[in-house]
$ cat coords_9.cif   # mmCIF, C-alpha atoms
data_target
#
loop_
_atom_site.label_atom_id
_atom_site.label_comp_id
_atom_site.auth_asym_id
_atom_site.auth_seq_id
_atom_site.Cartn_x
_atom_site.Cartn_y
_atom_site.Cartn_z
CA MET A 17 -26.81 74.62 -65.58
CA THR A 18 -25.10 72.42 -68.14
CA THR A 19 -26.49 69.28 -69.72
CA ARG A 20 -23.63 67.36 -68.07
CA LEU A 21 -24.88 68.28 -64.62
CA ASP A 22 -28.42 67.36 -65.67
CA ALA A 23 -27.12 63.99 -66.84
CA LEU A 24 -25.18 63.42 -63.61
CA LEU A 25 -28.22 64.17 -61.44
CA ALA A 26 -30.47 61.98 -63.57
CA ALA A 27 -27.96 59.11 -63.38
CA LEU A 28 -27.62 59.51 -59.61
CA TYR A 29 -31.41 59.50 -59.17
CA VAL A 30 -31.79 56.30 -61.18
CA PHE A 31 -28.87 54.67 -59.34
CA ILE A 32 -30.27 55.44 -55.87
CA ASP A 33 -33.78 54.41 -56.92
CA ASP A 34 -32.52 51.09 -58.31
CA HIS A 35 -29.71 50.11 -55.91
CA VAL A 36 -30.45 51.69 -52.52
CA ALA A 37 -33.44 50.54 -50.50
CA PRO A 38 -35.26 53.55 -49.00
CA PRO A 39 -35.79 53.59 -45.22
CA ARG A 40 -39.18 52.50 -43.98
CA ARG A 41 -41.55 55.34 -43.19
CA ILE A 42 -44.78 55.63 -41.26
CA GLY A 43 -47.57 57.69 -42.75
CA ARG A 44 -47.88 59.49 -46.05
CA PRO A 45 -44.73 59.47 -48.22
CA PRO A 46 -43.00 62.85 -48.65
CA LYS A 47 -43.49 64.82 -51.86
CA LEU A 48 -39.69 64.96 -52.31
CA SER A 49 -38.33 61.40 -52.32
CA ASP A 50 -35.04 60.43 -50.69
CA ALA A 51 -33.42 60.00 -54.10
CA GLU A 52 -34.53 63.49 -55.12
CA LEU A 53 -33.33 64.90 -51.80
CA LEU A 54 -29.81 63.51 -52.30
CA CYS A 55 -29.73 64.75 -55.91
CA LEU A 56 -30.75 68.21 -54.69
CA ALA A 57 -28.04 68.12 -52.00
CA THR A 58 -25.43 67.00 -54.52
CA ALA A 59 -26.32 69.79 -56.93
CA GLN A 60 -26.08 72.34 -54.10
CA VAL A 61 -22.47 71.38 -53.42
CA LEU A 62 -21.39 71.06 -57.05
CA LEU A 63 -22.81 74.51 -57.86
CA CYS A 64 -21.08 76.05 -54.81
CA PHE A 65 -24.06 77.24 -52.74
CA PRO A 66 -23.00 76.89 -49.06
CA SER A 67 -26.05 78.94 -47.99
CA THR A 68 -29.24 76.87 -47.90
CA ARG A 69 -31.41 79.96 -48.30
CA HIS A 70 -29.57 81.11 -51.42
CA TRP A 71 -29.54 77.58 -52.83
CA LEU A 72 -33.30 77.02 -52.52
CA ARG A 73 -33.98 80.44 -54.02
CA PHE A 74 -31.80 79.47 -57.00
CA ALA A 75 -33.38 76.01 -57.24
CA HIS A 76 -36.93 77.40 -57.31
CA ALA A 77 -35.94 79.75 -60.15
CA ARG A 78 -33.66 77.52 -62.22
CA LEU A 79 -34.33 73.86 -61.43
CA PRO A 80 -38.09 73.26 -61.69
CA HIS A 81 -37.43 71.01 -64.70
CA LEU A 82 -35.47 68.59 -62.48
CA PHE A 83 -37.45 68.63 -59.22
CA ARG A 84 -41.24 68.49 -59.26
CA CYS A 85 -41.48 69.66 -55.65
CA LEU A 86 -38.91 71.76 -53.81
CA PRO A 87 -39.08 72.08 -50.00
CA GLN A 88 -38.85 75.21 -47.90
CA GLN A 89 -35.65 75.96 -46.02
CA SER A 90 -36.73 74.44 -42.69
CA GLY A 91 -38.00 71.25 -44.32
CA TYR A 92 -34.89 70.84 -46.45
CA THR A 93 -32.59 71.33 -43.45
CA LYS A 94 -34.56 68.85 -41.33
CA ARG A 95 -34.58 66.20 -44.08
CA LEU A 96 -30.89 66.68 -44.86
CA ASN A 97 -29.83 66.46 -41.20
CA ALA A 98 -31.71 63.16 -40.87
CA ALA A 99 -30.21 61.73 -44.08
CA GLY A 100 -26.66 61.19 -42.76
CA PRO A 101 -26.82 57.35 -42.58
CA LEU A 102 -28.47 57.17 -46.01
CA ILE A 103 -25.75 59.38 -47.50
CA SER A 104 -23.04 57.10 -46.09
CA HIS A 105 -24.79 54.05 -47.54
CA VAL A 106 -25.06 55.63 -50.99
CA ILE A 107 -21.36 56.62 -50.93
CA GLU A 108 -20.31 53.04 -50.17
CA THR A 109 -22.62 51.69 -52.87
CA LEU A 110 -21.18 54.11 -55.44
CA ALA A 111 -17.63 53.18 -54.43
CA ARG A 112 -18.34 49.51 -55.13
CA GLN A 113 -19.20 50.38 -58.75
CA VAL A 114 -15.86 51.89 -59.83
CA PRO A 115 -12.97 49.72 -61.12
CA THR A 116 -10.53 50.96 -58.45
CA TRP A 117 -12.70 49.31 -55.77
CA HIS A 118 -10.84 46.09 -56.65
CA ASP A 119 -7.37 47.71 -56.53
CA ASP A 120 -4.91 46.80 -53.80
CA LEU A 121 -4.19 50.39 -52.75
CA ARG A 122 -6.07 52.50 -50.19
CA LEU A 123 -5.26 56.00 -48.91
CA ILE A 124 -5.94 57.11 -45.33
CA ASP A 125 -5.56 60.48 -43.64
CA SER A 126 -7.37 63.06 -41.52
CA THR A 127 -7.99 66.78 -41.81
CA PRO A 128 -9.36 69.46 -39.44
CA LEU A 129 -13.02 70.40 -39.79
CA SER A 130 -13.62 73.75 -38.13
CA CYS A 131 -17.07 74.26 -36.59
CA GLY A 132 -16.69 77.67 -34.96
CA ALA A 133 -14.41 80.69 -34.82
CA SER A 134 -15.43 82.56 -31.65
CA ARG A 135 -15.51 81.92 -27.93
CA GLU A 136 -19.26 82.56 -27.82
CA THR A 137 -19.83 79.85 -30.44
CA VAL A 138 -17.78 77.39 -28.39
CA LYS A 139 -19.83 78.09 -25.25
CA ARG A 140 -23.29 78.07 -26.86
CA SER A 141 -22.97 75.55 -29.67
CA ASP A 142 -24.92 72.29 -29.63
CA LEU A 143 -21.61 70.67 -30.63
CA ALA A 144 -20.20 71.19 -27.15
CA GLY A 145 -18.98 67.84 -25.89
CA HIS A 146 -18.59 66.51 -29.41
CA ALA A 147 -16.19 69.11 -30.84
CA GLY A 148 -13.05 70.49 -29.20
CA TYR A 149 -9.81 72.34 -29.70
CA GLY A 150 -7.16 70.78 -31.90
CA PHE A 151 -3.97 71.76 -33.70
CA CYS A 152 -3.51 71.69 -37.46
CA ARG A 153 0.15 70.91 -38.19
CA SER A 154 -0.17 71.70 -41.90
CA HIS A 155 -1.16 75.33 -41.22
CA SER A 156 0.36 75.69 -37.72
CA ARG A 157 -2.88 76.89 -36.17
CA PHE A 158 -5.42 75.87 -33.57
CA PHE A 159 -9.06 75.23 -34.46
CA TRP A 160 -12.30 74.33 -32.71
CA GLY A 161 -14.27 71.55 -34.29
CA LEU A 162 -13.78 67.92 -35.36
CA ARG A 163 -11.40 65.90 -37.50
CA LEU A 164 -12.50 64.15 -40.67
CA TYR A 165 -10.96 60.69 -41.13
CA LEU A 166 -11.14 59.36 -44.67
CA VAL A 167 -10.28 56.15 -46.50
CA THR A 168 -10.23 56.45 -50.31
CA THR A 169 -9.14 54.65 -53.45
CA ALA A 170 -6.15 55.94 -55.43
CA GLU A 171 -8.20 58.46 -57.45
CA GLY A 172 -10.03 59.75 -54.36
CA MET A 173 -13.28 57.75 -54.29
CA PRO A 174 -14.44 57.74 -50.63
CA VAL A 175 -14.63 54.21 -49.21
CA THR A 176 -15.45 54.98 -45.57
CA TRP A 177 -15.15 57.96 -43.22
CA CYS A 178 -15.95 59.31 -39.79
CA LEU A 179 -15.75 62.43 -37.62
CA ALA A 180 -13.96 62.44 -34.27
CA HIS A 181 -12.93 64.76 -31.44
CA PRO A 182 -9.55 66.34 -32.33
CA LYS A 183 -8.04 65.38 -28.97
CA ILE A 184 -8.30 61.67 -29.77
CA GLY A 185 -5.18 60.20 -31.40
CA GLU A 186 -5.21 59.59 -35.15
CA ARG A 187 -4.16 55.94 -34.84
CA GLU A 188 -6.86 55.28 -32.26
CA VAL A 189 -9.64 56.72 -34.42
CA MET A 190 -8.46 55.07 -37.63
CA ARG A 191 -8.18 51.72 -35.88
CA ALA A 192 -11.77 52.04 -34.63
CA LEU A 193 -12.95 53.04 -38.11
CA LEU A 194 -11.23 50.10 -39.78
CA GLU A 195 -12.49 47.70 -37.12
CA ARG A 196 -16.05 48.91 -37.66
CA ASP A 197 -15.80 48.71 -41.46
CA HIS A 198 -13.42 45.76 -41.70
CA HIS A 199 -15.56 44.32 -44.52
CA LEU A 200 -14.36 47.21 -46.72
CA VAL A 201 -10.71 46.19 -46.33
CA ARG A 202 -9.37 43.15 -48.15
CA ALA A 203 -6.41 41.04 -47.05
CA GLY A 204 -3.31 41.79 -49.08
CA GLN A 205 -4.17 45.44 -49.71
CA VAL A 206 -1.65 48.25 -49.17
CA ILE A 207 -2.62 51.27 -47.07
CA LEU A 208 -0.71 54.48 -47.74
CA ALA A 209 -0.57 56.87 -44.78
CA ASP A 210 1.52 59.71 -43.38
CA LYS A 211 3.89 59.85 -40.40
CA GLY A 212 1.04 60.53 -37.99
CA PHE A 213 0.03 56.87 -38.22
CA ALA A 214 3.45 55.57 -37.19
CA GLY A 215 3.22 53.11 -34.33
CA ARG A 216 4.00 49.47 -33.66
CA GLU A 217 0.58 48.63 -32.25
CA PHE A 218 -1.23 50.22 -35.19
CA GLU A 219 0.97 48.47 -37.75
CA ALA A 220 0.55 45.15 -35.91
CA PHE A 221 -3.24 45.60 -35.92
CA LEU A 222 -3.25 46.20 -39.68
CA ALA A 223 -0.95 43.27 -40.43
CA GLU A 224 -2.30 40.68 -37.99
CA ASP A 225 -6.00 41.52 -37.69
CA LEU A 226 -6.77 42.85 -41.17
CA GLY A 227 -3.96 41.30 -43.22
CA VAL A 228 -3.02 44.60 -44.92
CA HIS A 229 0.33 46.34 -45.27
CA LEU A 230 0.99 49.88 -44.06
CA ILE A 231 3.31 52.11 -46.11
CA ARG A 232 4.23 55.54 -44.77
CA PRO A 233 7.12 58.02 -45.01
CA ASP A 234 10.10 57.18 -42.84
CA ARG A 235 10.65 59.12 -39.64
CA TRP A 236 14.04 60.65 -38.92
CA ASP A 237 14.60 58.44 -35.86
CA GLU A 238 14.05 55.04 -37.52
CA PRO A 239 15.82 52.93 -40.15
CA ALA A 240 15.05 53.67 -43.78
CA ARG A 241 12.23 51.54 -45.22
CA HIS A 242 10.02 53.35 -47.72
CA GLY A 243 11.64 56.77 -48.17
CA ARG A 244 9.77 60.09 -48.17
CA LEU A 245 6.89 59.09 -50.50
CA ALA A 246 6.26 62.78 -51.18
CA ARG A 247 4.61 62.36 -54.58
CA SER A 248 2.34 59.52 -53.46
CA ARG A 249 1.32 61.36 -50.29
CA GLN A 250 0.04 64.24 -52.41
CA TRP A 251 -2.81 62.03 -53.68
CA ILE A 252 -4.80 62.16 -50.44
CA GLU A 253 -3.87 65.81 -49.92
CA ALA A 254 -5.33 66.57 -53.36
CA VAL A 255 -8.58 64.88 -52.31
CA PHE A 256 -8.83 67.11 -49.22
CA ASN A 257 -8.00 70.13 -51.38
CA THR A 258 -10.91 69.26 -53.68
CA LEU A 259 -13.26 68.88 -50.71
CA LYS A 260 -12.24 72.20 -49.19
CA GLY A 261 -11.62 74.24 -52.32
CA GLN A 262 -14.29 73.14 -54.80
CA LEU A 263 -16.86 71.51 -52.51
CA SER A 264 -16.82 74.10 -49.67
CA LEU A 265 -16.17 71.61 -46.87
CA GLU A 266 -14.99 74.31 -44.48
CA ALA A 267 -18.24 76.26 -45.08
CA HIS A 268 -20.47 73.31 -44.18
CA GLY A 269 -22.69 75.36 -41.86
CA GLY A 270 -23.55 72.47 -39.52
CA ARG A 271 -24.57 73.49 -36.00
CA THR A 272 -25.45 70.11 -34.48
CA PRO A 273 -23.69 66.72 -34.55
CA ALA A 274 -26.25 65.36 -37.03
CA GLY A 275 -25.97 68.52 -39.13
CA VAL A 276 -22.18 68.43 -39.35
CA PHE A 277 -22.23 64.71 -40.15
CA ALA A 278 -24.84 65.12 -42.91
CA ARG A 279 -23.16 68.15 -44.47
CA THR A 280 -19.77 66.47 -44.48
CA GLY A 281 -21.38 63.44 -46.09
CA GLN A 282 -23.06 65.77 -48.59
CA ARG A 283 -19.62 66.92 -49.82
CA LEU A 284 -18.30 63.36 -49.96
CA LEU A 285 -21.41 62.25 -51.84
CA ALA A 286 -20.86 64.97 -54.45
CA LEU A 287 -17.24 63.86 -54.87
CA ALA A 288 -18.20 60.17 -55.07
CA THR A 289 -20.96 60.88 -57.58
CA ALA A 290 -18.65 62.87 -59.85
CA ILE A 291 -15.95 60.17 -59.78
CA TRP A 292 -18.51 57.42 -60.43
CA HIS A 293 -20.06 59.37 -63.31
CA ASN A 294 -16.64 60.18 -64.78
CA TRP A 295 -15.81 56.47 -64.78
CA THR A 296 -19.17 55.69 -66.39
CA THR A 297 -18.75 58.27 -69.15
CA GLY A 298 -15.04 57.57 -69.75
CA ALA A 299 -13.75 60.98 -68.64
CA GLU A 300 -9.97 61.27 -68.68
CA VAL A 301 -9.60 62.79 -65.19
CA LYS A 302 -11.77 60.86 -62.76
CA ARG A 303 -11.82 63.45 -59.94
CA SER A 304 -12.51 66.43 -62.20
CA LEU A 305 -15.59 68.53 -61.30
CA ILE A 306 -15.22 71.14 -64.05
CA ALA A 307 -18.05 69.71 -66.15
CA TYR A 308 -20.54 69.96 -63.25
CA ASP A 309 -19.74 73.18 -61.36
CA HIS A 310 -21.53 75.70 -63.59
#
$ encode --input "coords_9.cif" --output "structure tokens"
Amino acid sequence: MTTRLDALLAALYVFIDDHVAPPRRIGRPPKLSDAELLCLATAQVLLCFPSTRHWLRFAHARLPHLFRCLPQQSGYTKRLNAAGPLISHVIETLARQVPTWHDDLRLIDSTPLSCGASRETVKRSDLAGHAGYGFCRSHSRFFWGLRLYLVTTAEGMPVTWCLAHPKIGEREVMRALLERDHHLVRAGQVILADKGFAGREFEAFLAEDLGVHLIRPDRWDEPARHGRLARSRQWIEAVFNTLKGQLSLEAHGGRTPAGVFARTGQRLLALATAIWHNWTTGAEVKRSLIAYDH
């Protein structure tokens, strides 16, 4: 491990301990605090250990100087699965600390999140009823799982997110997400989306109910307004590429709704922490993970 990763984990621990109120517990407090748990989960993703067993074996051998007490595999999995709401709260709190939180631009999009690759998995999985079959237009393939819907700042800092059944329309899910987290959207902001969010009702909802402006590439069957926006649309695609390529989103390993939610949040927390720390330390590239992945 590098001293930069040590510094990032120490800063995240102090931030969570100072700014995020821990949930109330009954009985004796755990030996591994919630702040330590989230730091351990963040380090797992940044160091590219999708396997929990391999990660805890590495942590016991290499990280005793950072964590005074490391759990066993079953305890770590149980604690992490239950930490989904706390992870979401920490992500939002981190996002409020970066300068781009006050910018007038937000990016929205969705991406497939595969949860199984065989018919037996589909029939036996605890995700049955929550996950389903969908089609990924970018790769022209079907998948079984969920879709991740994400709202970010221009440099990729997650603002809010959710998981949804792939059969539900993109506009419908994004509208529900923005209605739920309307306090995270400010009147006068610009939302940059792709053609999948084209629709009069959705645009009217954004303009009339939230007071924001939707910008998206023009469709072939409508008058020219904004053009293709190819370069700008690559920003959100680059964020998904970071989540899938460097943060192993597609190897999340979740087998239950709570597990998939927590492990998706674990990847977003690692991304948010790196961006926040890069802003704090004055790094040139805010979404760069190179300093923390070894």
$ closest_residue --input "coords_9.cif" --among "A:Phe213, A:Tyr92, A:Phe277, A:Phe31" --to "Ala57 of chain A" --atoms "all atoms listed in the file"
A:Tyr92
$ atom_distance --input "coords_9.cif" --atom1 "atom CA of Gly243 of chain A" --atom2 "atom CA of Gly212 of chain A"
15.2 Å
$ resolve_selection --input "coords_9.cif" --expression "the PyMOL selection byres ((chain A and resi 108) around 10)" --output "VMD selection string"
chain A and resid 103 to 107 109 to 113 173 to 177 200 285 288
$ atom_distance --input "coords_9.cif" --atom1 "atom CA of Gln250 of chain A" --atom2 "atom CA of Gly100 of chain A"
28.6 Å
$ closest_residue --input "coords_9.cif" --among "A:Leu102, A:Arg73, A:Gln60, A:Ser67" --to "Pro39 of chain A" --atoms "all atoms listed in the file"
A:Leu102
$ residues_near_point --input "coords_9.cif" --point "(-8.9, 51.1, -33.8)" --cutoff "12 Å" --atoms "only C-alpha atoms" --output "PyMOL selection string"
chain A and resi 184-198+213+217-222+225-226
